[in-house]
Amino acid sequence: MNVLKEESDSDSYYVLMGTCPDVGCSALVAWKSTDIDVLCIRCGQLHDRERILFATNLDITAIGAGSVISSLQLTENEDLWKRQNLIKVNGLSNFHSKMISHLLTFYGMDTPEVKPLSEITEGSAFDCSTLAEKCFTIRREQLQISGYGWDELGSKSYLHDTLFKIGLANGNRDALVPLHADGDGHCLVHSVSRAITGRNLFWHPLRAQLKQHFIEKLEEYKRLIGQFVDSNEWDNIILECDPEYRPNIDDDEIHGLRQIHIFGLANVLKRPIFLFDSIEGMNSVGEYS
């Protein structure tokens with residue numbers, strides 16, 4: 001994109017309009033001349049302003065210009081907004097991440113080909129401990145992207161006091177924010193994957209390795225924490241790890257991943273996992289206190 005207008009001393013910025021460069025989207029986008037990146041609210045991608053197509057200055061004094069800008073900013077406009085799962089950030093959506101996750105469990109890149117991991121590494125499945133030193137930092141402007149940024153299901157208000165104290169300890173800044181994780185039965189591994197890499201990409205490898213981990217280390221777990229777990233629960237604990245696990249709807253109590261699985265995931269990743277609750281919750285007596 002060429003520079004269309006030089007900023008004058010009297011103008012702090014001007015408004016431009018163009019077309020999203022994603023050929024599958026091609027929505028209209030508007031941005032300020034001071035913006036380095038441009039967010040397309042239809043596909044959710046953040047583009048370098050130089051990539052925006054057909055960029056032109058928008059005369060904000062012209063009749064109807066205000067309506068154009070407003071319509072481009074209204075996320076509830078059905079014509080300009082997709083479901084959270086389909087919103088792409090840097091070309092990848094939650095839906096795509098979840099769909100290709102199982103491939104990452106058993107396949108890897110041996111440039112320029114995709115090959116079974118057994119032909120590339122010593123193991124036949126992805127070793128999640130290689131993610132141990134990873135940490136995701138989200139860009140501030142991406143916090144507003146639905147399905148990717150701030151969680152919109154209440155955790156922001158529920159954790160308000162906890163987040164306030166964390167921010168206070170970090171120079172009054174948002175050092176930690178609750179991000180969206182799909183509640184599709186895999187929310188724990190989605191959360192772990194997002195916290196480490198920013199994506200849901202590793203939910204399947206995490207569950208697959210967690211199951212194998214419990215199978216291999218079962219006797220050690222029984223020795224260490226057997227007094228806290230009923231002996232008839234271990235089979236279910238292992239079964240619940242499986243990526244294809246389906247609860248028995250006839251059971252009075254339906255289990256998913258639980259406390260012991262969090263402990264297991266920390267061992268799989270070879271790093272601690274911190275759980276945050278409301279101040280009241282963390283001060284109460286319980287298993288997470």
# chains A, B, ... in the order shown; residues from 1 in each chain; ligands from 1
>>> residues_around(residues="A:Met17", least_positions_apart="6", cutoff="9 Å", atoms="only C-alpha atoms", output="VMD selection string")
chain A and resid 28 to 32 52 54 to 58 69
>>> residues_around(residues="A:Ser193", least_positions_apart="2", cutoff="10 Å", atoms="only C-alpha atoms", output="mmCIF file with C-alpha atoms, in the first residue's frame")
data_model
loop_
_atom_site.group_PDB
_atom_site.id
_atom_site.type_symbol
_atom_site.label_atom_id
_atom_site.label_comp_id
_atom_site.auth_asym_id
_atom_site.auth_seq_id
_atom_site.Cartn_x
_atom_site.Cartn_y
_atom_site.Cartn_z
ATOM 1 C CA CYS A 128 4.652 -32.306 24.643
ATOM 2 C CA LEU A 131 6.722 -27.091 24.737
ATOM 3 C CA CYS A 135 4.990 -18.937 26.776
ATOM 4 C CA PHE A 136 2.316 -17.007 24.895
ATOM 5 C CA ALA A 181 -11.001 -21.425 25.567
ATOM 6 C CA CYS A 187 -11.391 -26.961 27.753
ATOM 7 C CA LEU A 188 -8.527 -27.897 30.099
ATOM 8 C CA VAL A 189 -6.149 -28.923 27.315
ATOM 9 C CA HIS A 190 -7.364 -26.018 25.163
ATOM 10 C CA SER A 191 -6.420 -23.690 28.019
ATOM 11 C CA ALA A 195 -1.355 -20.498 27.505
ATOM 12 C CA ILE A 196 1.765 -22.017 25.975
ATOM 13 C CA THR A 197 1.375 -21.343 22.249
ATOM 14 C CA GLY A 198 -1.645 -19.048 21.867
ATOM 15 C CA ARG A 199 -3.515 -21.689 19.849
ATOM 16 C CA ASN A 200 -5.664 -24.783 20.439
ATOM 17 C CA LEU A 201 -3.259 -26.737 18.252
ATOM 18 C CA PHE A 202 -1.959 -29.119 20.894
ATOM 19 C CA TRP A 203 -5.117 -30.275 22.649
ATOM 20 C CA HIS A 204 -4.951 -33.718 20.979
ATOM 21 C CA PRO A 205 -1.231 -34.387 21.615
ATOM 22 C CA LEU A 206 -1.712 -33.332 25.252
#
>>> select_by_dssp(residues="stretch 21-269 of chain A", states="alpha helix (DSSP H)", output="JSON, numbers by chain")
{"A": [65, 66, 67, 68, 69, 70, 71, 72, 73, 94, 95, 96, 97, 98, 99, 100, 101, 102, 103, 104, 105, 106, 117, 118, 119, 120, 155, 156, 157, 158, 160, 161, 162, 163, 164, 165, 166, 167, 168, 169, 187, 188, 189, 190, 191, 192, 193, 194, 195, 196, 197, 203, 204, 205, 206, 207, 208, 209, 210, 211, 212, 213, 214, 215, 216, 217, 218, 219, 220, 221, 222, 223, 224, 225, 234, 235, 236, 237, 238, 239, 259, 260, 261, 262, 263, 264, 265, 266, 267, 268, 269]}
>>> write_last_selection(atoms="C-alpha atoms", output="short mmCIF file (atom, residue, chain, number, x, y, z; two decimals), in the first residue's frame")
data_model
loop_
_atom_site.label_atom_id
_atom_site.label_comp_id
_atom_site.auth_asym_id
_atom_site.auth_seq_id
_atom_site.Cartn_x
_atom_site.Cartn_y
_atom_site.Cartn_z
CA ALA A 65 -19.03 8.63 6.07
CA GLY A 66 -19.90 8.28 9.73
CA SER A 67 -22.35 5.48 8.96
CA VAL A 68 -19.72 3.63 6.93
CA ILE A 69 -17.19 3.78 9.75
CA SER A 70 -19.80 2.72 12.31
CA SER A 71 -20.91 -0.28 10.25
CA LEU A 72 -17.31 -1.41 9.91
CA GLN A 73 -16.91 -1.31 13.68
CA ASN A 94 -10.04 -22.03 16.49
CA PHE A 95 -11.88 -24.41 14.18
CA HIS A 96 -8.84 -25.05 12.00
CA SER A 97 -6.58 -25.43 15.04
CA LYS A 98 -8.84 -28.07 16.56
CA MET A 99 -9.28 -29.94 13.29
CA ILE A 100 -5.56 -30.36 12.56
CA SER A 101 -4.51 -31.02 16.16
CA HIS A 102 -4.68 -34.82 15.79
CA LEU A 103 -2.23 -34.62 12.88
CA LEU A 104 0.35 -32.99 15.15
CA THR A 105 0.17 -36.00 17.47
CA PHE A 106 1.64 -38.38 14.91
CA LEU A 117 7.08 -38.73 13.60
CA SER A 118 8.47 -42.26 13.84
CA GLU A 119 10.52 -41.47 10.72
CA ILE A 120 11.73 -38.11 12.04
CA SER A 155 -14.16 -14.91 33.87
CA LYS A 156 -13.09 -11.28 33.47
CA SER A 157 -15.61 -10.19 36.10
CA TYR A 158 -15.33 -13.37 38.20
CA HIS A 160 -11.65 -9.18 38.73
CA ASP A 161 -10.16 -8.96 42.24
CA THR A 162 -7.54 -11.62 41.49
CA LEU A 163 -6.48 -9.87 38.28
CA PHE A 164 -6.40 -6.53 40.09
CA LYS A 165 -3.94 -7.87 42.67
CA ILE A 166 -1.78 -9.45 39.97
CA GLY A 167 -1.78 -6.18 38.04
CA LEU A 168 -0.92 -4.24 41.19
CA ALA A 169 2.09 -6.48 41.77
CA CYS A 187 -11.39 -26.96 27.75
CA LEU A 188 -8.53 -27.90 30.10
CA VAL A 189 -6.15 -28.92 27.31
CA HIS A 190 -7.36 -26.02 25.16
CA SER A 191 -6.42 -23.69 28.02
CA VAL A 192 -3.00 -25.27 28.48
CA SER A 193 -2.30 -25.21 24.75
CA ARG A 194 -3.38 -21.56 24.47
CA ALA A 195 -1.36 -20.50 27.50
CA ILE A 196 1.76 -22.02 25.97
CA THR A 197 1.37 -21.34 22.25
CA TRP A 203 -5.12 -30.28 22.65
CA HIS A 204 -4.95 -33.72 20.98
CA PRO A 205 -1.23 -34.39 21.62
CA LEU A 206 -1.71 -33.33 25.25
CA ARG A 207 -4.56 -35.77 25.84
CA ALA A 208 -2.87 -38.59 23.93
CA GLN A 209 0.38 -38.23 25.84
CA LEU A 210 -1.44 -37.80 29.15
CA LYS A 211 -3.13 -41.17 28.64
CA GLN A 212 0.15 -42.87 27.77
CA HIS A 213 1.82 -41.17 30.72
CA PHE A 214 -0.69 -42.57 33.22
CA ILE A 215 -0.43 -46.04 31.69
CA GLU A 216 3.36 -46.02 31.99
CA LYS A 217 3.52 -44.37 35.43
CA LEU A 218 0.40 -45.91 36.99
CA GLU A 219 2.18 -47.85 39.73
CA GLU A 220 4.17 -44.77 40.70
CA TYR A 221 0.99 -42.68 40.93
CA LYS A 222 -0.65 -45.36 43.04
CA ARG A 223 2.32 -45.33 45.38
CA LEU A 224 2.41 -41.54 45.70
CA ILE A 225 -1.28 -40.60 45.86
CA TRP A 234 -7.73 -45.64 38.04
CA ASP A 235 -9.18 -47.27 34.93
CA ASN A 236 -11.59 -44.35 34.50
CA ILE A 237 -8.82 -41.82 35.12
CA ILE A 238 -6.84 -43.31 32.23
CA LEU A 239 -9.92 -43.66 30.03
CA GLN A 259 -7.61 -32.58 39.48
CA ILE A 260 -5.39 -35.60 38.99
CA HIS A 261 -5.26 -34.93 35.26
CA ILE A 262 -3.94 -31.42 35.92
CA PHE A 263 -1.20 -32.99 38.03
CA GLY A 264 -0.50 -35.44 35.21
CA LEU A 265 -0.37 -32.69 32.58
CA ALA A 266 2.18 -30.80 34.66
CA ASN A 267 4.34 -33.93 34.65
CA VAL A 268 3.84 -34.44 30.91
CA LEU A 269 4.90 -30.85 30.22
#
>>> select_by_dssp(residues="stretch 84-235 of chain A", states="strand (DSSP E or B)", output="PyMOL selection string")
chain A and resi 89+92+107-110+113-116+150+179
>>> write_last_selection(atoms="C-alpha atoms", output="PDB file, in the first residue's frame")
ATOM      1  CA  VAL A  89      -6.041 -14.527  13.514  1.00  0.00           C
ATOM      2  CA  LEU A  92      -5.705 -19.574  11.621  1.00  0.00           C
ATOM      3  CA  TYR A 107       3.072 -36.297  12.053  1.00  0.00           C
ATOM      4  CA  GLY A 108       5.748 -33.653  11.635  1.00  0.00           C
ATOM      5  CA  MET A 109       7.536 -31.634   8.972  1.00  0.00           C
ATOM      6  CA  ASP A 110      10.685 -32.983   7.403  1.00  0.00           C
ATOM      7  CA  GLU A 113       7.372 -33.224   3.293  1.00  0.00           C
ATOM      8  CA  VAL A 114       5.038 -34.246   6.074  1.00  0.00           C
ATOM      9  CA  LYS A 115       6.127 -37.555   7.564  1.00  0.00           C
ATOM     10  CA  PRO A 116       5.178 -39.800  10.493  1.00  0.00           C
ATOM     11  CA  TRP A 150     -10.588 -11.603  26.374  1.00  0.00           C
ATOM     12  CA  LEU A 179      -8.397 -15.708  27.351  1.00  0.00           C
TER      13      LEU A 179
END
>>> residues_around(residues="A:Pro21", least_positions_apart="4", cutoff="9 Å", atoms="only C-alpha atoms", output="list in words")
Cys25, Ser26, Ala27, His47, Arg51, Ile52 and Leu53 of chain A
>>> atom_distance(atom1="atom CA of A:Cys43", atom2="atom CA of A:Ile87")
5.0 Å
>>> atom_distance(atom1="atom CA of A:Ser129", atom2="atom CA of A:Asn170")
28.4 Å
>>> atom_distance(atom1="atom CA of A:Arg49", atom2="atom CA of A:Leu86")
22.4 Å
